[in-house]
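Undergrad: The structure that follows is given in the form of structure tokens.
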Amino acid sequence: MKSIIPAAGLGTRFLPATKSTPKELLPVLNKPVIQYVVEEALEPEGVSEVVIVNSHEKPQIESYFTVDQDFEDMLRARGKGADADKVHAAASLPVTFAYQDDPKGLGHAVLCAKDAMDGEPFFVLLGDYFVPERQMCVNMAKVSREHGGASVIAVAPVPADQVSRYGIIAGQQVGSLAGEAGPEEPGAVWKVTGLVEKPAPEEAPSHLFIVGRYLLSPRVMELLETQGPGAGGEIQLTDAMQRLLDEQEMYALVVDPMEGCDTGTPAAWAATNARLALQDPSQRAAFYEALGTDTI
Ligand code: G1P
């Protein structure tokens, strides 16, 4: 089983930085954002490989995930063995690439990885967000197992005035992952009866938005092949999933979005750096010292 990370975007929110550095390689502390997502994508049992859907304009991502023996040898010759080990570990992650050179939307990006999926269920992890503890997809796989291998998406509550930014689900709660979660509390499991991409507030069927973690039936790939453009003129993954509902069951797991870190805008990326620095005992003191304060 494999995971897909769409990464072909231009990263316009981070210009001018992203003129020459793909946004996926911007670091959070000393690790590129996409490495956190790759490590998260490999966490569920049975996931053996991550397929990054890249554009040919961003070869730096491939370079990062390719072993460079000369570079590692140079580091070791300078007594930087621990750094060489980190570089090698990242480059050795089981990552392959598919390409989307024409940005036609998330559904199209996912379809670009179809041949690599071997007709099996697959995860999709959007790369502007990562979960340091890596348990969100693991929990989704658990919900899927409890429902006969059905597709499962992660969702979370969003204020009514923000529904038009996201994919929104319709459905009802059918259980809880553990304990007794209320309908919009983390751990609640919903049976999905509808999905709509970027609805107007008065048309949103609930306040639960798709946070960007999907475990999907291989049938979605076939549906994407005939999926026409939807919201924003783009081929939407949400629209193909809506069509899947005519044929197969789908479930949603309510998660706490703060379980993960947002890196989608400069402000969110900066906050994520601060959050991880404060959580890391080896960084916390230096972070406060650099900030010139002992609180934040
Ligand atoms: C995409 C999905 C949307 C989802 C969102 C999460 O939208 O199409 O359903 O809610 O990611 O970030 P985008 O952010 O690409 O517009």
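The way I read the labels, and the way they are meant: chains A, B, ... in the order of the structure tokens, residue 1 as the first residue of every chain, and ligand 1 as the first ligand shown, with later ones counted on from there.
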Tell me which protein, DNA and RNA residues are within 12 Å of A:Leu42, counting only C-alpha atoms, leaving out same-chain ones fewer than 5 positions away, and put them as a list in words.

TA: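 Contacts, in chain order: Met1, Lys2, Ser3, Ile4, Ile5, Gln35, Tyr36, Val37, Val47, Ser48, Glu49, Val50, Val51, Leu93, Pro94, Val95, Phe122, Phe123, Val124, Leu125, Arg134, Gln135, Met136, Cys137 and Val138 of chain A.
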
Undergrad: Export, as a tab-separated table (two decimals), in the first residue's frame, the selected residues with N, CA, C and O atoms.

TA:
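Saved result, selection22.tsv, follows:
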chain	number	residue	atom	x	y	z
A	1	MET	N	0.84	-1.19	0.00
A	1	MET	CA	0.00	0.00	0.00
A	1	MET	C	0.88	1.26	0.00
A	1	MET	O	1.95	1.25	0.59
A	2	LYS	N	0.41	2.29	-0.69
A	2	LYS	CA	1.25	3.50	-0.83
A	2	LYS	C	0.48	4.76	-0.40
A	2	LYS	O	-0.74	4.74	-0.30
A	3	SER	N	1.23	5.81	-0.19
A	3	SER	CA	0.66	7.12	0.14
A	3	SER	C	1.05	8.11	-0.94
A	3	SER	O	2.17	8.04	-1.47
A	4	ILE	N	0.15	9.03	-1.23
A	4	ILE	CA	0.41	10.07	-2.24
A	4	ILE	C	0.51	11.42	-1.54
A	4	ILE	O	-0.33	11.75	-0.70
A	5	ILE	N	1.53	12.19	-1.89
A	5	ILE	CA	1.62	13.58	-1.43
A	5	ILE	C	1.66	14.49	-2.66
A	5	ILE	O	2.66	14.49	-3.39
A	35	GLN	N	9.47	16.41	4.56
A	35	GLN	CA	9.99	15.22	5.25
A	35	GLN	C	9.09	14.82	6.42
A	35	GLN	O	8.87	13.63	6.67
A	36	TYR	N	8.54	15.82	7.13
A	36	TYR	CA	7.58	15.50	8.19
A	36	TYR	C	6.37	14.75	7.60
A	36	TYR	O	5.86	13.81	8.18
A	37	VAL	N	5.92	15.22	6.42
A	37	VAL	CA	4.73	14.62	5.80
A	37	VAL	C	5.05	13.20	5.31
A	37	VAL	O	4.26	12.28	5.47
A	47	VAL	N	2.10	0.58	4.86
A	47	VAL	CA	2.50	1.57	3.85
A	47	VAL	C	4.00	1.40	3.58
A	47	VAL	O	4.81	1.52	4.49
A	48	SER	N	4.33	1.09	2.33
A	48	SER	CA	5.72	0.77	2.01
A	48	SER	C	6.42	1.88	1.22
A	48	SER	O	7.64	1.88	1.09
A	49	GLU	N	5.63	2.81	0.69
A	49	GLU	CA	6.24	3.79	-0.23
A	49	GLU	C	5.39	5.05	-0.28
A	49	GLU	O	4.17	5.00	-0.15
A	50	VAL	N	6.05	6.16	-0.50
A	50	VAL	CA	5.35	7.43	-0.69
A	50	VAL	C	5.61	7.92	-2.12
A	50	VAL	O	6.77	7.96	-2.56
A	51	VAL	N	4.54	8.26	-2.80
A	51	VAL	CA	4.68	8.81	-4.15
A	51	VAL	C	4.41	10.31	-4.07
A	51	VAL	O	3.30	10.74	-3.73
A	93	LEU	N	14.71	7.48	2.51
A	93	LEU	CA	13.27	7.20	2.71
A	93	LEU	C	12.69	6.65	1.41
A	93	LEU	O	13.10	7.04	0.31
A	94	PRO	N	11.72	5.72	1.52
A	94	PRO	CA	11.16	5.10	0.32
A	94	PRO	C	10.20	6.04	-0.42
A	94	PRO	O	8.98	5.96	-0.28
A	95	VAL	N	10.78	6.94	-1.18
A	95	VAL	CA	10.02	7.97	-1.90
A	95	VAL	C	10.24	7.79	-3.40
A	95	VAL	O	11.37	7.61	-3.84
A	122	PHE	N	-5.25	3.55	-1.05
A	122	PHE	CA	-4.08	4.44	-0.88
A	122	PHE	C	-4.43	5.60	0.04
A	122	PHE	O	-5.61	5.97	0.16
A	123	PHE	N	-3.41	6.15	0.66
A	123	PHE	CA	-3.58	7.39	1.44
A	123	PHE	C	-3.25	8.58	0.56
A	123	PHE	O	-2.40	8.50	-0.33
A	124	VAL	N	-3.89	9.72	0.85
A	124	VAL	CA	-3.46	11.01	0.29
A	124	VAL	C	-3.22	11.93	1.48
A	124	VAL	O	-4.07	12.04	2.38
A	125	LEU	N	-2.05	12.56	1.51
A	125	LEU	CA	-1.73	13.53	2.57
A	125	LEU	C	-1.39	14.85	1.91
A	125	LEU	O	-0.44	14.93	1.12
A	134	ARG	N	2.11	11.62	14.20
A	134	ARG	CA	1.87	10.68	13.09
A	134	ARG	C	0.73	9.69	13.32
A	134	ARG	O	0.73	8.61	12.71
A	135	GLN	N	-0.22	10.02	14.19
A	135	GLN	CA	-1.25	9.04	14.52
A	135	GLN	C	-2.57	9.21	13.74
A	135	GLN	O	-3.43	8.35	13.78
A	136	MET	N	-2.73	10.34	13.02
A	136	MET	CA	-4.02	10.58	12.38
A	136	MET	C	-4.33	9.50	11.33
A	136	MET	O	-5.41	8.90	11.34
A	137	CYS	N	-3.40	9.23	10.45
A	137	CYS	CA	-3.63	8.22	9.41
A	137	CYS	C	-3.73	6.83	10.02
A	137	CYS	O	-4.49	5.98	9.53
A	138	VAL	N	-2.98	6.60	11.09
A	138	VAL	CA	-3.05	5.31	11.79
A	138	VAL	C	-4.47	5.09	12.31
A	138	VAL	O	-5.06	4.02	12.16

Undergrad: Would you kindly return, as a list in words, each protein, DNA or RNA residue with an atom no farther than 10 Å from any atom of A:Leu26, considering only C-alpha atoms and excluding same-chain residues fewer than 5 positions away?

TA: Phe14, Ala17, Thr18, Thr21, Lys31, Pro32, Val33, Ile34, Thr263 and Trp269 of chain A

Undergrad: Put those residues in a file: C-alpha atoms, as a PDB file, in the first residue's frame.

TA:
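File part-v9.pdb, as written:
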ATOM      1  CA  PHE A  14       5.670  32.084  -0.135  1.00  0.00           C
ATOM      2  CA  ALA A  17      11.249  32.569  -1.421  1.00  0.00           C
ATOM      3  CA  THR A  18       9.629  29.921  -3.612  1.00  0.00           C
ATOM      4  CA  THR A  21      13.210  26.941  -3.186  1.00  0.00           C
ATOM      5  CA  LYS A  31      13.860  19.531   8.591  1.00  0.00           C
ATOM      6  CA  PRO A  32      11.970  20.298   5.366  1.00  0.00           C
ATOM      7  CA  VAL A  33       8.193  20.395   5.697  1.00  0.00           C
ATOM      8  CA  ILE A  34       7.772  17.545   3.217  1.00  0.00           C
ATOM      9  CA  THR A 263       2.492  25.379   7.096  1.00  0.00           C
ATOM     10  CA  TRP A 269       4.586  28.320   9.020  1.00  0.00           C
TER      11      TRP A 269
END

Undergrad: Please write out the residues within 10 Å of ligand 1 as a PyMOL selection string, counting only C-alpha atoms and all ligand atoms.

TA: chain A and resi 6+9+105-107+125-129+154-156+163-169+195-198+208-213+231-232+234-239+262+264

Undergrad: Using DSSP secondary structure from the backbone, list all alpha helix (DSSP H) positions within stretch 37-99 of chain A, as a PyMOL selection string.

TA: chain A and resi 37-41+59-64+69-77+81-91

Undergrad: Go ahead and save the picked residues with N, CA, C and O atoms, as a CSV table (one decimal), in the first residue's frame.

TA:
chain,number,residue,atom,x,y,z
A,37,VAL,N,5.9,15.2,6.4
A,37,VAL,CA,4.7,14.6,5.8
A,37,VAL,C,5.1,13.2,5.3
A,37,VAL,O,4.3,12.3,5.5
A,38,VAL,N,6.2,13.0,4.7
A,38,VAL,CA,6.7,11.7,4.3
A,38,VAL,C,6.7,10.7,5.4
A,38,VAL,O,6.2,9.6,5.4
A,39,GLU,N,7.3,11.2,6.5
A,39,GLU,CA,7.4,10.3,7.7
A,39,GLU,C,6.1,9.9,8.3
A,39,GLU,O,5.8,8.8,8.7
A,40,GLU,N,5.2,10.9,8.3
A,40,GLU,CA,3.8,10.7,8.7
A,40,GLU,C,3.1,9.7,7.8
A,40,GLU,O,2.4,8.7,8.2
A,41,ALA,N,3.4,9.8,6.5
A,41,ALA,CA,2.7,9.0,5.5
A,41,ALA,C,3.2,7.5,5.5
A,41,ALA,O,2.4,6.6,5.1
A,59,PRO,N,13.1,20.1,-9.3
A,59,PRO,CA,14.0,18.9,-9.2
A,59,PRO,C,14.6,18.9,-7.8
A,59,PRO,O,15.1,17.8,-7.4
A,60,GLN,N,14.6,20.0,-7.1
A,60,GLN,CA,15.3,20.1,-5.8
A,60,GLN,C,14.7,19.0,-4.8
A,60,GLN,O,15.4,18.5,-3.9
A,61,ILE,N,13.3,18.8,-5.0
A,61,ILE,CA,12.7,17.8,-4.1
A,61,ILE,C,13.3,16.4,-4.3
A,61,ILE,O,13.6,15.7,-3.4
A,62,GLU,N,13.5,16.1,-5.6
A,62,GLU,CA,14.1,14.8,-5.9
A,62,GLU,C,15.5,14.7,-5.4
A,62,GLU,O,16.0,13.7,-4.9
A,63,SER,N,16.2,15.8,-5.6
A,63,SER,CA,17.6,15.8,-5.1
A,63,SER,C,17.7,15.6,-3.6
A,63,SER,O,18.5,14.8,-3.1
A,64,TYR,N,16.7,16.1,-2.9
A,64,TYR,CA,16.7,16.0,-1.4
A,64,TYR,C,16.6,14.5,-1.0
A,64,TYR,O,17.2,14.0,0.0
A,69,GLN,N,26.5,10.4,-2.1
A,69,GLN,CA,27.6,9.7,-1.4
A,69,GLN,C,28.7,10.7,-1.2
A,69,GLN,O,29.3,10.8,-0.1
A,70,ASP,N,29.1,11.5,-2.2
A,70,ASP,CA,30.2,12.4,-2.1
A,70,ASP,C,29.9,13.4,-1.0
A,70,ASP,O,30.8,13.8,-0.2
A,71,PHE,N,28.7,13.9,-0.9
A,71,PHE,CA,28.4,14.9,0.1
A,71,PHE,C,28.5,14.3,1.5
A,71,PHE,O,29.1,14.9,2.4
A,72,GLU,N,28.0,13.1,1.7
A,72,GLU,CA,28.0,12.4,3.0
A,72,GLU,C,29.5,12.1,3.3
A,72,GLU,O,29.9,12.3,4.5
A,73,ASP,N,30.3,11.7,2.3
A,73,ASP,CA,31.7,11.4,2.6
A,73,ASP,C,32.4,12.7,3.1
A,73,ASP,O,33.3,12.7,4.0
A,74,MET,N,32.1,13.8,2.4
A,74,MET,CA,32.7,15.1,2.8
A,74,MET,C,32.4,15.4,4.2
A,74,MET,O,33.2,15.8,5.0
A,75,LEU,N,31.1,15.3,4.6
A,75,LEU,CA,30.7,15.5,6.0
A,75,LEU,C,31.4,14.7,7.0
A,75,LEU,O,31.9,15.1,8.0
A,76,ARG,N,31.5,13.4,6.6
A,76,ARG,CA,32.2,12.4,7.6
A,76,ARG,C,33.7,12.8,7.7
A,76,ARG,O,34.3,12.8,8.8
A,77,ALA,N,34.3,13.2,6.5
A,77,ALA,CA,35.8,13.6,6.6
A,77,ALA,C,36.0,14.8,7.5
A,77,ALA,O,37.1,15.0,8.0
A,81,GLY,N,29.8,13.2,11.3
A,81,GLY,CA,29.2,11.9,11.1
A,81,GLY,C,27.7,11.9,11.5
A,81,GLY,O,26.9,11.4,10.7
A,82,ALA,N,27.3,12.6,12.6
A,82,ALA,CA,25.9,12.6,13.0
A,82,ALA,C,25.1,13.3,11.9
A,82,ALA,O,23.9,12.9,11.6
A,83,ASP,N,25.6,14.4,11.4
A,83,ASP,CA,24.9,15.2,10.3
A,83,ASP,C,24.8,14.3,9.1
A,83,ASP,O,23.7,14.3,8.4
A,84,ALA,N,25.9,13.6,8.7
A,84,ALA,CA,25.8,12.7,7.6
A,84,ALA,C,24.8,11.6,7.7
A,84,ALA,O,24.0,11.3,6.8
A,85,ASP,N,24.6,11.1,9.0
A,85,ASP,CA,23.6,10.1,9.2
A,85,ASP,C,22.2,10.7,9.0
A,85,ASP,O,21.3,10.0,8.4
A,86,LYS,N,22.0,12.0,9.4
A,86,LYS,CA,20.6,12.6,9.2
A,86,LYS,C,20.4,12.8,7.7
A,86,LYS,O,19.3,12.5,7.2
A,87,VAL,N,21.4,13.2,7.0
A,87,VAL,CA,21.2,13.4,5.5
A,87,VAL,C,20.9,12.1,4.8
A,87,VAL,O,20.0,12.0,4.0
A,88,HIS,N,21.7,11.1,5.3
A,88,HIS,CA,21.5,9.8,4.6
A,88,HIS,C,20.1,9.2,4.9
A,88,HIS,O,19.4,8.6,4.0
A,89,ALA,N,19.6,9.4,6.2
A,89,ALA,CA,18.3,8.8,6.6
A,89,ALA,C,17.2,9.4,5.7
A,89,ALA,O,16.3,8.8,5.2
A,90,ALA,N,17.3,10.8,5.5
A,90,ALA,CA,16.3,11.5,4.7
A,90,ALA,C,16.3,11.0,3.3
A,90,ALA,O,15.3,10.7,2.7
A,91,ALA,N,17.5,10.9,2.7
A,91,ALA,CA,17.7,10.5,1.3
A,91,ALA,C,17.3,9.1,1.1
A,91,ALA,O,16.9,8.7,-0.1

Undergrad: Name the residues in contact with stretch 215-228 of chain A at a cut-off of 6 Å, using only C-alpha atoms, excluding same-chain residues fewer than 4 positions from it; report them as a VMD selection string.

TA: chain A and resid 111 119 to 123 151 to 152 235 240

Undergrad: Just the residues within 8 Å of A:Cys112, please, counting only C-alpha atoms, with nothing from its chain fewer than 5 positions along; format it as a compact mmCIF listing (two decimals) with N, CA and C atoms, in the first residue's frame.

TA:
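The new file selection_24.txt reads:
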# COMPACT_ATOMS: atom_id res chain seq x y z
N VAL A 53 3.79 13.67 -5.93
CA VAL A 53 3.41 14.16 -7.25
C VAL A 53 4.04 15.54 -7.41
N ALA A 98 5.89 10.95 -9.19
CA ALA A 98 5.04 11.01 -10.38
C ALA A 98 4.98 12.50 -10.73
N TYR A 99 4.47 12.81 -11.90
CA TYR A 99 4.55 14.21 -12.34
C TYR A 99 3.20 14.78 -12.74
N GLN A 100 2.99 16.03 -12.36
CA GLN A 100 1.82 16.80 -12.78
C GLN A 100 2.37 18.13 -13.29

Undergrad: Kindly give the distance, in Å, that separates atom CA of A:Thr295 and atom CA of A:Pro27, rounded to a single decimal.

TA: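 Atom CA of A:Pro27 lies at a distance of 23.3 Å from atom CA of A:Thr295.
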